[in-house]
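Asks: Dropping in entry03.cif, which is mmCIF, C-alpha atoms:
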data_data
#
loop_
_atom_site.group_PDB
_atom_site.id
_atom_site.type_symbol
_atom_site.label_atom_id
_atom_site.label_comp_id
_atom_site.auth_asym_id
_atom_site.auth_seq_id
_atom_site.Cartn_x
_atom_site.Cartn_y
_atom_site.Cartn_z
ATOM 1 C CA MET P 1 91.146 -56.326 149.373
ATOM 2 C CA ASN P 2 90.410 -54.981 152.841
ATOM 3 C CA TRP P 3 93.581 -55.142 154.935
ATOM 4 C CA VAL P 4 91.714 -54.305 158.125
ATOM 5 C CA ASP P 5 89.514 -57.392 157.692
ATOM 6 C CA LEU P 6 92.501 -59.576 156.822
ATOM 7 C CA ARG P 7 94.478 -58.440 159.857
ATOM 8 C CA THR P 8 91.431 -58.976 162.068
ATOM 9 C CA PHE P 9 91.026 -62.505 160.711
ATOM 10 C CA ARG P 10 94.698 -63.249 161.383
ATOM 11 C CA LEU P 11 94.405 -62.133 165.013
ATOM 12 C CA VAL P 12 91.245 -64.194 165.540
ATOM 13 C CA ALA P 13 93.008 -67.191 163.994
ATOM 14 C CA GLU P 14 96.071 -66.685 166.205
ATOM 15 C CA GLU P 15 94.097 -66.168 169.408
ATOM 16 C CA ARG P 16 91.311 -68.647 168.573
ATOM 17 C CA SER P 17 89.090 -66.069 170.250
ATOM 18 C CA PHE P 18 86.998 -63.119 169.074
ATOM 19 C CA THR P 19 87.243 -61.546 172.533
ATOM 20 C CA LYS P 20 91.052 -61.690 172.725
ATOM 21 C CA ALA P 21 91.346 -60.381 169.173
ATOM 22 C CA SER P 22 89.042 -57.460 169.989
ATOM 23 C CA LYS P 23 91.250 -56.520 172.955
ATOM 24 C CA ARG P 24 94.382 -56.527 170.801
ATOM 25 C CA LEU P 25 92.627 -54.392 168.207
ATOM 26 C CA HIS P 26 90.982 -52.116 170.812
ATOM 27 C CA VAL P 27 87.557 -52.552 169.205
ATOM 28 C CA SER P 28 84.351 -54.276 170.276
ATOM 29 C CA VAL P 29 83.681 -57.985 169.755
ATOM 30 C CA SER P 30 80.779 -57.057 167.468
ATOM 31 C CA ALA P 31 83.160 -55.028 165.281
ATOM 32 C CA VAL P 32 85.446 -58.067 164.974
ATOM 33 C CA SER P 33 82.456 -60.272 164.058
ATOM 34 C CA GLN P 34 81.355 -57.762 161.431
ATOM 35 C CA ARG P 35 84.798 -57.728 159.825
ATOM 36 C CA ILE P 36 84.941 -61.515 159.709
ATOM 37 C CA ARG P 37 81.479 -61.735 158.129
ATOM 38 C CA ARG P 38 82.465 -59.103 155.573
ATOM 39 C CA LEU P 39 85.629 -61.021 154.692
ATOM 40 C CA GLU P 40 83.720 -64.298 154.361
ATOM 41 C CA ARG P 41 81.147 -62.630 152.090
ATOM 42 C CA SER P 42 83.871 -61.175 149.866
ATOM 43 C CA LEU P 43 85.541 -64.601 149.564
ATOM 44 C CA ARG P 44 82.188 -66.420 149.350
ATOM 45 C CA ASN P 45 83.500 -68.964 151.785
ATOM 46 C CA LYS P 46 83.280 -69.761 155.479
ATOM 47 C CA LEU P 47 86.630 -69.275 157.199
ATOM 48 C CA LEU P 48 85.831 -70.030 160.832
ATOM 49 C CA ASP P 49 83.746 -72.568 162.722
ATOM 50 C CA ARG P 50 82.594 -70.786 165.856
ATOM 51 C CA THR P 51 80.770 -72.156 168.884
ATOM 52 C CA THR P 52 80.077 -70.584 172.272
ATOM 53 C CA THR P 53 83.419 -71.877 173.571
ATOM 54 C CA THR P 54 85.717 -72.500 170.576
ATOM 55 C CA VAL P 55 86.889 -70.969 167.318
ATOM 56 C CA ALA P 56 88.383 -73.264 164.663
ATOM 57 C CA LEU P 57 89.700 -72.674 161.164
ATOM 58 C CA THR P 58 87.968 -74.269 158.209
ATOM 59 C CA GLU P 59 90.099 -75.567 155.336
ATOM 60 C CA SER P 60 89.451 -72.291 153.507
ATOM 61 C CA GLY P 61 90.405 -70.409 156.655
ATOM 62 C CA LYS P 62 93.715 -72.252 156.871
ATOM 63 C CA ALA P 63 94.491 -71.345 153.246
ATOM 64 C CA VAL P 64 93.662 -67.668 153.812
ATOM 65 C CA LEU P 65 95.764 -67.547 157.000
ATOM 66 C CA GLU P 66 98.741 -69.039 155.152
ATOM 67 C CA ALA P 67 98.356 -66.446 152.378
ATOM 68 C CA ILE P 68 98.192 -63.567 154.870
ATOM 69 C CA THR P 69 101.331 -64.832 156.611
ATOM 70 C CA VAL P 70 103.207 -64.931 153.282
ATOM 71 C CA ILE P 71 102.001 -61.418 152.388
ATOM 72 C CA ASP P 72 103.165 -60.098 155.764
ATOM 73 C CA ARG P 73 106.644 -61.587 155.264
ATOM 74 C CA ILE P 74 106.885 -60.090 151.775
ATOM 75 C CA TRP P 75 105.762 -56.703 153.060
ATOM 76 C CA GLU P 76 108.306 -56.721 155.922
ATOM 77 C CA THR P 77 111.084 -57.577 153.477
ATOM 78 C CA THR P 78 109.975 -54.819 151.102
ATOM 79 C CA GLN P 79 109.955 -52.278 153.927
ATOM 80 C CA ARG P 80 113.557 -53.123 154.806
ATOM 81 C CA GLU P 81 114.651 -52.934 151.176
ATOM 82 C CA VAL P 82 113.070 -49.560 150.361
ATOM 83 C CA ALA P 83 113.783 -47.862 153.703
ATOM 84 C CA GLN P 84 116.304 -45.036 153.485
ATOM 85 C CA PRO P 85 119.329 -45.331 155.813
ATOM 86 C CA SER P 86 118.299 -42.177 157.701
ATOM 87 C CA ASP P 87 114.848 -43.621 158.243
ATOM 88 C CA ARG P 88 116.309 -46.840 159.581
ATOM 89 C CA ARG P 89 118.132 -44.877 162.268
ATOM 90 C CA ARG P 90 114.756 -43.503 163.285
ATOM 91 C CA ASP P 91 113.080 -46.938 163.567
ATOM 92 C CA ASP P 92 110.343 -45.917 161.138
ATOM 93 C CA LEU P 93 108.002 -48.794 160.342
ATOM 94 C CA ARG P 94 109.533 -51.661 162.252
ATOM 95 C CA ARG P 95 107.445 -51.104 165.342
ATOM 96 C CA PRO P 96 103.787 -50.138 165.775
ATOM 97 C CA LEU P 97 102.761 -46.525 165.316
ATOM 98 C CA ARG P 98 102.092 -45.306 168.842
ATOM 99 C CA VAL P 99 99.387 -42.774 169.615
ATOM 100 C CA GLY P 100 99.432 -41.272 173.101
ATOM 101 C CA PHE P 101 96.178 -40.108 174.680
ATOM 102 C CA CYS P 102 96.289 -37.696 177.595
ATOM 103 C CA ARG P 103 93.088 -37.965 179.648
ATOM 104 C CA THR P 104 91.236 -38.905 176.452
ATOM 105 C CA ASN P 105 89.396 -42.171 175.766
ATOM 106 C CA PRO P 106 90.087 -43.363 172.190
ATOM 107 C CA ALA P 107 87.368 -46.040 172.187
ATOM 108 C CA THR P 108 84.999 -44.144 169.880
ATOM 109 C CA VAL P 109 87.619 -43.468 167.227
ATOM 110 C CA TRP P 110 90.386 -46.089 167.498
ATOM 111 C CA ASP P 111 88.949 -48.312 164.768
ATOM 112 C CA ARG P 112 89.044 -45.412 162.309
ATOM 113 C CA ILE P 113 92.538 -44.376 163.396
ATOM 114 C CA THR P 114 93.974 -47.796 162.568
ATOM 115 C CA ALA P 115 92.150 -47.728 159.219
ATOM 116 C CA LEU P 116 94.167 -44.640 158.181
ATOM 117 C CA GLU P 117 97.037 -46.987 157.354
ATOM 118 C CA PRO P 118 95.873 -50.593 157.737
ATOM 119 C CA LEU P 119 99.197 -52.023 156.560
ATOM 120 C CA LEU P 120 100.834 -50.754 159.740
ATOM 121 C CA GLN P 121 100.252 -51.820 163.316
ATOM 122 C CA TRP P 122 98.951 -49.208 165.746
ATOM 123 C CA GLU P 123 99.300 -49.071 169.502
ATOM 124 C CA PRO P 124 97.618 -46.710 172.012
ATOM 125 C CA ARG P 125 99.332 -45.344 175.098
ATOM 126 C CA HIS P 126 97.715 -43.440 177.937
ATOM 127 C CA TYR P 127 99.087 -40.501 179.928
ATOM 128 C CA ARG P 128 97.775 -38.582 182.926
ATOM 129 C CA SER P 129 100.080 -35.671 182.182
ATOM 130 C CA THR P 130 100.532 -33.712 178.953
ATOM 131 C CA THR P 131 104.122 -32.951 179.944
ATOM 132 C CA LEU P 132 104.994 -36.649 180.282
ATOM 133 C CA GLY P 133 103.345 -37.371 176.926
ATOM 134 C CA LEU P 134 105.349 -34.636 175.190
ATOM 135 C CA ASP P 135 108.553 -35.937 176.787
ATOM 136 C CA ASP P 136 107.877 -39.387 175.308
ATOM 137 C CA LEU P 137 107.020 -37.768 171.965
ATOM 138 C CA ARG P 138 110.421 -36.038 171.845
ATOM 139 C CA ARG P 139 112.192 -39.286 172.723
ATOM 140 C CA GLY P 140 110.354 -41.131 169.956
ATOM 141 C CA GLU P 141 108.514 -43.388 172.404
ATOM 142 C CA VAL P 142 105.250 -42.301 170.780
ATOM 143 C CA ASP P 143 104.591 -40.830 167.337
ATOM 144 C CA PHE P 144 101.442 -38.821 168.079
ATOM 145 C CA LEU P 145 99.967 -37.277 171.209
ATOM 146 C CA VAL P 146 96.326 -36.285 171.671
ATOM 147 C CA TRP P 147 96.146 -33.909 174.608
ATOM 148 C CA GLN P 148 94.080 -31.195 176.250
ATOM 149 C CA THR P 149 94.663 -28.244 178.526
ATOM 150 C CA TRP P 150 92.818 -25.241 179.935
ATOM 151 C CA TYR P 151 93.319 -21.558 179.220
ATOM 152 C CA GLY P 152 91.906 -18.277 180.458
ATOM 153 C CA VAL P 153 91.935 -14.747 179.085
ATOM 154 C CA THR P 154 95.670 -14.319 179.692
ATOM 155 C CA THR P 155 96.709 -17.510 181.496
ATOM 156 C CA ARG P 156 98.076 -20.358 179.380
ATOM 157 C CA LEU P 157 99.990 -23.565 180.016
ATOM 158 C CA GLU P 158 103.536 -22.944 178.833
ATOM 159 C CA LEU P 159 104.403 -25.809 176.498
ATOM 160 C CA ASP P 160 107.563 -26.087 174.429
ATOM 161 C CA LEU P 161 106.507 -27.547 171.068
ATOM 162 C CA THR P 162 109.733 -26.638 169.283
ATOM 163 C CA GLY P 163 110.615 -29.246 166.654
ATOM 164 C CA LEU P 164 107.170 -30.841 166.825
ATOM 165 C CA HIS P 165 104.130 -30.438 164.584
ATOM 166 C CA SER P 166 100.853 -29.488 166.237
ATOM 167 C CA GLN P 167 97.290 -28.691 165.185
ATOM 168 C CA ASP P 168 94.344 -27.807 167.404
ATOM 169 C CA ILE P 169 91.344 -30.135 167.302
ATOM 170 C CA ALA P 170 88.853 -27.941 169.179
ATOM 171 C CA HIS P 171 88.425 -25.119 171.679
ATOM 172 C CA ASP P 172 85.435 -25.423 174.009
ATOM 173 C CA SER P 173 84.158 -23.662 177.128
ATOM 174 C CA VAL P 174 83.846 -25.881 180.199
ATOM 175 C CA TRP P 175 80.518 -26.802 181.840
ATOM 176 C CA ALA P 176 79.608 -27.663 185.434
ATOM 177 C CA TYR P 177 78.677 -31.261 186.318
ATOM 178 C CA LEU P 178 76.682 -31.902 189.502
ATOM 179 C CA GLY P 179 74.201 -34.302 191.035
ATOM 180 C CA GLU P 180 70.471 -34.014 190.294
ATOM 181 C CA HIS P 181 69.867 -33.342 194.020
ATOM 182 C CA HIS P 182 72.286 -30.388 194.063
ATOM 183 C CA PRO P 183 70.864 -26.955 195.071
ATOM 184 C CA LEU P 184 72.072 -25.533 191.734
ATOM 185 C CA ALA P 185 70.816 -28.409 189.573
ATOM 186 C CA LYS P 186 67.684 -26.620 188.356
ATOM 187 C CA ARG P 187 69.525 -23.575 187.032
ATOM 188 C CA ALA P 188 69.652 -23.120 183.249
ATOM 189 C CA VAL P 189 73.027 -21.359 183.392
ATOM 190 C CA LEU P 190 75.560 -20.899 186.183
ATOM 191 C CA ASP P 191 78.033 -18.153 186.903
ATOM 192 C CA ILE P 192 81.533 -18.971 188.088
ATOM 193 C CA ALA P 193 80.781 -17.157 191.341
ATOM 194 C CA ASP P 194 77.908 -19.605 192.016
ATOM 195 C CA LEU P 195 80.457 -22.341 192.591
ATOM 196 C CA ARG P 196 82.322 -20.666 195.462
ATOM 197 C CA ASP P 197 80.167 -22.184 198.227
ATOM 198 C CA PHE P 198 80.741 -25.795 197.129
ATOM 199 C CA ASP P 199 83.624 -28.272 197.055
ATOM 200 C CA LEU P 200 84.992 -28.986 193.584
ATOM 201 C CA ILE P 201 86.765 -31.951 192.007
ATOM 202 C CA ALA P 202 90.426 -31.006 191.711
ATOM 203 C CA PRO P 203 92.073 -31.122 188.265
ATOM 204 C CA VAL P 204 94.829 -33.678 187.730
ATOM 205 C CA GLU P 205 98.308 -32.814 188.929
ATOM 206 C CA ASP P 206 99.786 -30.938 185.962
ATOM 207 C CA LEU P 207 96.646 -28.796 185.523
ATOM 208 C CA TYR P 208 95.908 -27.937 189.138
ATOM 209 C CA ASP P 209 98.026 -24.797 189.474
ATOM 210 C CA LEU P 210 97.004 -23.670 185.990
ATOM 211 C CA VAL P 211 93.270 -23.938 186.714
ATOM 212 C CA VAL P 212 93.629 -22.102 190.034
ATOM 213 C CA ARG P 213 95.441 -19.243 188.252
ATOM 214 C CA ILE P 214 92.792 -19.122 185.519
ATOM 215 C CA PHE P 215 89.998 -18.626 188.044
ATOM 216 C CA ALA P 216 92.128 -16.108 189.941
ATOM 217 C CA GLU P 217 92.057 -14.035 186.725
ATOM 218 C CA GLN P 218 88.356 -13.561 187.387
ATOM 219 C CA SER P 219 88.923 -12.795 191.082
ATOM 220 C CA VAL P 220 87.269 -16.084 192.025
ATOM 221 C CA THR P 221 88.718 -18.517 194.560
ATOM 222 C CA LEU P 222 87.260 -22.009 194.347
ATOM 223 C CA ARG P 223 87.643 -24.897 196.788
ATOM 224 C CA PHE P 224 89.294 -27.752 194.887
ATOM 225 C CA VAL P 225 89.260 -30.382 197.634
ATOM 226 C CA HIS P 226 88.421 -33.742 196.029
ATOM 227 C CA HIS P 227 91.489 -35.315 194.423
ATOM 228 C CA VAL P 228 90.057 -38.211 192.427
ATOM 229 C CA ASP P 229 91.807 -40.183 189.695
ATOM 230 C CA SER P 230 88.929 -42.033 188.025
ATOM 231 C CA THR P 231 85.748 -40.988 186.247
ATOM 232 C CA GLU P 232 83.739 -43.585 188.159
ATOM 233 C CA LEU P 233 84.745 -42.108 191.524
ATOM 234 C CA ILE P 234 83.973 -38.602 190.267
ATOM 235 C CA ASP P 235 80.488 -39.712 189.215
ATOM 236 C CA ASP P 236 79.901 -41.327 192.623
ATOM 237 C CA LEU P 237 80.962 -38.136 194.405
ATOM 238 C CA LEU P 238 78.639 -36.008 192.290
ATOM 239 C CA ARG P 239 75.687 -38.315 192.938
ATOM 240 C CA MET P 240 76.235 -38.606 196.693
ATOM 241 C CA THR P 241 77.472 -35.128 197.683
ATOM 242 C CA THR P 242 77.179 -31.475 196.657
ATOM 243 C CA ALA P 243 80.573 -31.582 194.951
ATOM 244 C CA ILE P 244 80.897 -30.045 191.470
ATOM 245 C CA ASP P 245 83.138 -31.035 188.593
ATOM 246 C CA ILE P 246 84.145 -28.745 185.731
ATOM 247 C CA ALA P 247 84.780 -30.448 182.400
ATOM 248 C CA PRO P 248 84.318 -30.125 178.614
ATOM 249 C CA PRO P 249 80.694 -30.198 177.391
ATOM 250 C CA SER P 250 81.201 -33.379 175.364
ATOM 251 C CA ARG P 251 81.510 -35.552 178.479
ATOM 252 C CA THR P 252 78.428 -37.731 178.911
ATOM 253 C CA PRO P 253 76.831 -37.441 182.377
ATOM 254 C CA VAL P 254 75.770 -40.692 184.019
ATOM 255 C CA PRO P 255 72.235 -41.125 185.456
ATOM 256 C CA GLY P 256 71.841 -38.901 188.489
ATOM 257 C CA VAL P 257 74.251 -36.252 187.172
ATOM 258 C CA VAL P 258 73.387 -33.116 185.183
ATOM 259 C CA ARG P 259 75.560 -30.623 183.303
ATOM 260 C CA ILE P 260 75.000 -26.876 183.123
ATOM 261 C CA PRO P 261 76.783 -24.250 181.025
ATOM 262 C CA LEU P 262 78.953 -21.670 182.776
ATOM 263 C CA LYS P 263 78.995 -17.962 181.955
ATOM 264 C CA SER P 264 82.461 -16.468 181.372
ATOM 265 C CA ALA P 265 83.911 -19.956 181.706
ATOM 266 C CA PRO P 266 87.515 -20.902 180.931
ATOM 267 C CA SER P 267 88.108 -22.911 177.785
ATOM 268 C CA THR P 268 89.716 -26.231 177.028
ATOM 269 C CA ARG P 269 92.123 -26.724 174.173
ATOM 270 C CA HIS P 270 92.210 -30.127 172.470
ATOM 271 C CA ALA P 271 95.188 -30.720 170.194
ATOM 272 C CA LEU P 272 97.166 -33.290 168.220
ATOM 273 C CA THR P 273 100.967 -33.106 168.207
ATOM 274 C CA TRP P 274 103.335 -35.396 166.328
ATOM 275 C CA ARG P 275 107.070 -35.826 166.060
ATOM 276 C CA ASP P 276 109.087 -34.841 163.004
ATOM 277 C CA HIS P 277 109.223 -38.171 161.196
ATOM 278 C CA PRO P 278 108.326 -39.070 157.574
ATOM 279 C CA VAL P 279 105.518 -41.467 158.491
ATOM 280 C CA ALA P 280 104.099 -39.219 161.211
ATOM 281 C CA ASN P 281 104.304 -36.183 158.918
ATOM 282 C CA GLN P 282 102.391 -38.045 156.214
ATOM 283 C CA LEU P 283 99.623 -39.285 158.517
ATOM 284 C CA GLY P 284 99.443 -36.295 160.888
ATOM 285 C CA PRO P 285 97.060 -34.080 158.844
ATOM 286 C CA ASP P 286 94.689 -36.989 158.143
ATOM 287 C CA LEU P 287 94.699 -38.031 161.800
ATOM 288 C CA HIS P 288 94.005 -34.443 162.844
ATOM 289 C CA GLU P 289 91.019 -34.175 160.484
ATOM 290 C CA LEU P 290 89.670 -37.500 161.744
ATOM 291 C CA LEU P 291 89.945 -36.401 165.372
ATOM 292 C CA ARG P 292 88.384 -33.014 164.621
ATOM 293 C CA LYS P 293 85.354 -34.565 162.925
ATOM 294 C CA ASN P 294 85.021 -37.125 165.714
ATOM 295 C CA TYR P 295 85.080 -34.391 168.375
ATOM 296 C CA VAL P 296 82.314 -32.467 166.615
ATOM 297 C CA ALA P 297 80.247 -35.631 166.115
ATOM 298 C CA GLN P 298 80.620 -36.648 169.756
ATOM 299 C CA ALA P 299 79.725 -33.142 170.957
ATOM 300 C CA VAL P 300 76.608 -33.111 168.783
ATOM 301 C CA GLN P 301 75.555 -36.596 169.902
ATOM 302 C CA ARG P 302 76.303 -36.213 173.600
ATOM 303 C CA ASN P 303 75.250 -32.616 174.158
ATOM 304 C CA PRO P 304 72.710 -31.183 171.666
ATOM 305 C CA ARG P 305 72.142 -28.241 173.994
ATOM 306 C CA HIS P 306 75.791 -27.246 173.588
ATOM 307 C CA LEU P 307 75.381 -27.328 169.803
ATOM 308 C CA GLU P 308 72.342 -25.040 170.068
ATOM 309 C CA ARG P 309 74.351 -22.564 172.158
ATOM 310 C CA MET P 310 77.252 -22.632 169.688
ATOM 311 C CA MET P 311 74.906 -21.968 166.782
ATOM 312 C CA ALA P 312 73.196 -19.139 168.687
ATOM 313 C CA VAL P 313 76.565 -17.481 169.324
ATOM 314 C CA SER P 314 77.641 -17.847 165.706
#
Have the structure of the file written as structure tokens, please.

Replies:
Amino acid sequence: MNWVDLRTFRLVAEERSFTKASKRLHVSVSAVSQRIRRLERSLRNKLLDRTTTTVALTESGKAVLEAITVIDRIWETTQREVAQPSDRRRDDLRRPLRVGFCRTNPATVWDRITALEPLLQWEPRHYRSTTLGLDDLRRGEVDFLVWQTWYGVTTRLELDLTGLHSQDIAHDSVWAYLGEHHPLAKRAVLDIADLRDFDLIAPVEDLYDLVVRIFAEQSVTLRFVHHVDSTELIDDLLRMTTAIDIAPPSRTPVPGVVRIPLKSAPSTRHALTWRDHPVANQLGPDLHELLRKNYVAQAVQRNPRHLERMMAVS
């Protein structure tokens, strides 16, 4: 029995829409369709009548939906009965597991995250600031936080992780992103000093001072003048001006934008942190391994040149 497929079917049945169900599950419509087809094949029965405008349950679909509803009620009752009193005070499984993402898009991996424990509901939250995400983690507003920061040779972001569990996902040197028309666009490699004559995209609020101090370590002063809060606006700036953005190598450049490695570049730290809670402690190591493998896979797919450089160094 595939609980992911069953839950997907229930949401489609409730919403009477593949599109609305996909939004609630944070997956594509094609992924929802695939799950429904897989469930129908396993049951050897058609569960939904679907047209371009409507979704209706067949008689078999109604029977399956009723069974899923009964199973959910039984499972909720069982959770209450077996929960320890201390766990109840910590609202363990009676709300969705919440995963916070700080300046990270979970689209490529969310489906696999929810499959780690398909009997539970999962909910993503998004943060612009690592500090705000960690504050919510301590308060129990979220159970996990996926975050990133920068660090230099001696300069680090001071984070208090006392009482939390944390594992690093990856450490990666940053690259320069610039428009194809840019005077530096034909270079194979750039030095940090090459960037001094151009305007740069400013890091988000909680990283700005940190990044400035990191470059000051190398006696380099850069002009961070463009304060932009969306990737789309950053891409437009790069394509239309001589601005430069500095970001991890796994970011995919849009048409008209190139990325170039930087010598002696600062590094980014990508990490997973979770609160001290029985469910989070059980799932934390598996979630970390999933995110680590996904980061490597995305880096390989999006930037083969970066992989070649890593292998050359090793």

Asks: Name the closest residue to Glu158 (chain P) among the candidates P:Trp122, P:Asn303, P:Leu210, P:Leu262; distances are taken between atoms, counting only C-alpha atoms.

Replies: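 Result for the nearest residue to Glu158 (chain P): P:Leu210.
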
Asks: Could you check how far CA of His181 (chain P) sits from CA of Arg259 (chain P), in Å to one decimal?

Replies: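 If I compute the distance from CA of His181 (chain P) to CA of Arg259 (chain P), I get 12.4 Å.
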
Asks: Applied to this file, what does the PyMOL selection byres ((chain P and resi 59-74) around 9) return in terms of residues, put as a list of chain:residue names?

Replies: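 For this structure, the PyMOL selection byres ((chain P and resi 59-74) around 9) captures P:Leu6, P:Arg7, P:Phe9, P:Arg10, P:Ala13, P:Asn45, P:Lys46, P:Leu47, P:Leu48, P:Ala56, P:Leu57, P:Thr58, P:Trp75, P:Glu76, P:Thr77, P:Thr78, P:Gln79.
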
Asks: Those same residues, written as an mmCIF file, in the coordinates of the input with C-alpha atoms?

Replies:
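Contents of result.cif, freshly written:
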data_model
loop_
_atom_site.group_PDB
_atom_site.id
_atom_site.type_symbol
_atom_site.label_atom_id
_atom_site.label_comp_id
_atom_site.auth_asym_id
_atom_site.auth_seq_id
_atom_site.Cartn_x
_atom_site.Cartn_y
_atom_site.Cartn_z
ATOM 1 C CA LEU P 6 92.501 -59.576 156.822
ATOM 2 C CA ARG P 7 94.478 -58.440 159.857
ATOM 3 C CA PHE P 9 91.026 -62.505 160.711
ATOM 4 C CA ARG P 10 94.698 -63.249 161.383
ATOM 5 C CA ALA P 13 93.008 -67.191 163.994
ATOM 6 C CA ASN P 45 83.500 -68.964 151.785
ATOM 7 C CA LYS P 46 83.280 -69.761 155.479
ATOM 8 C CA LEU P 47 86.630 -69.275 157.199
ATOM 9 C CA LEU P 48 85.831 -70.030 160.832
ATOM 10 C CA ALA P 56 88.383 -73.264 164.663
ATOM 11 C CA LEU P 57 89.700 -72.674 161.164
ATOM 12 C CA THR P 58 87.968 -74.269 158.209
ATOM 13 C CA TRP P 75 105.762 -56.703 153.060
ATOM 14 C CA GLU P 76 108.306 -56.721 155.922
ATOM 15 C CA THR P 77 111.084 -57.577 153.477
ATOM 16 C CA THR P 78 109.975 -54.819 151.102
ATOM 17 C CA GLN P 79 109.955 -52.278 153.927
#

Asks: Considering only C-alpha atoms, can you say which of P:Asp236, P:Glu123, P:Asp136, P:Glu141 comes closest to Trp110 (chain P)?

Replies: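 For Trp110 (chain P), the nearest of the candidates is P:Glu123.
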
Asks: Identify which of the residues P:Thr241, P:Gln218, P:Ser250, P:Ser42 lies closest to Thr155 (chain P), counting all atoms listed in the file when measuring atom-to-atom distances.

Replies: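 Of P:Thr241, P:Gln218, P:Ser250, P:Ser42, the one nearest Thr155 (chain P) is P:Gln218, counting all atoms listed in the file.
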
Asks: At what distance in Å, to one decimal, does CA of Arg95 (chain P) lie from CA of Leu116 (chain P)?

Replies: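 Taking CA of Leu116 (chain P) and CA of Arg95 (chain P), their separation equals 16.4 Å.
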
Asks: Take the PyMOL selection byres ((chain P and resi 16) around 8), apply it to the structure above, and return the hits as a VMD selection string.

Replies: chain P and resid 12 to 15 17 to 18 54 to 56

Asks: What is the CA of Thr104 (chain P) to CA of Thr273 (chain P) distance in Å?

Replies: 14.0 Å

Asks: Tell me which protein, DNA and RNA residues are within 8 Å of Ala280 (chain P), counting all atoms listed in the file, leaving out same-chain ones fewer than 6 positions away, and put them as a PyMOL selection string.

Replies: chain P and resi 143-144+274

Asks: Excluding Asp191 (chain P) and its own-chain neighbours fewer than 2 positions away, which residues fall within 8 Å of it when counting all atoms listed in the file? Please give them as an MDAnalysis selection string.

Replies: chainID P and resid 189 193:195 262:264

Asks: Looking at all atoms listed in the file, which of P:Leu164, P:Leu39, P:Leu184, P:Ala297 is the one that sits closest to Asp197 (chain P)?

Replies: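 Nearest to Asp197 (chain P): P:Leu184.
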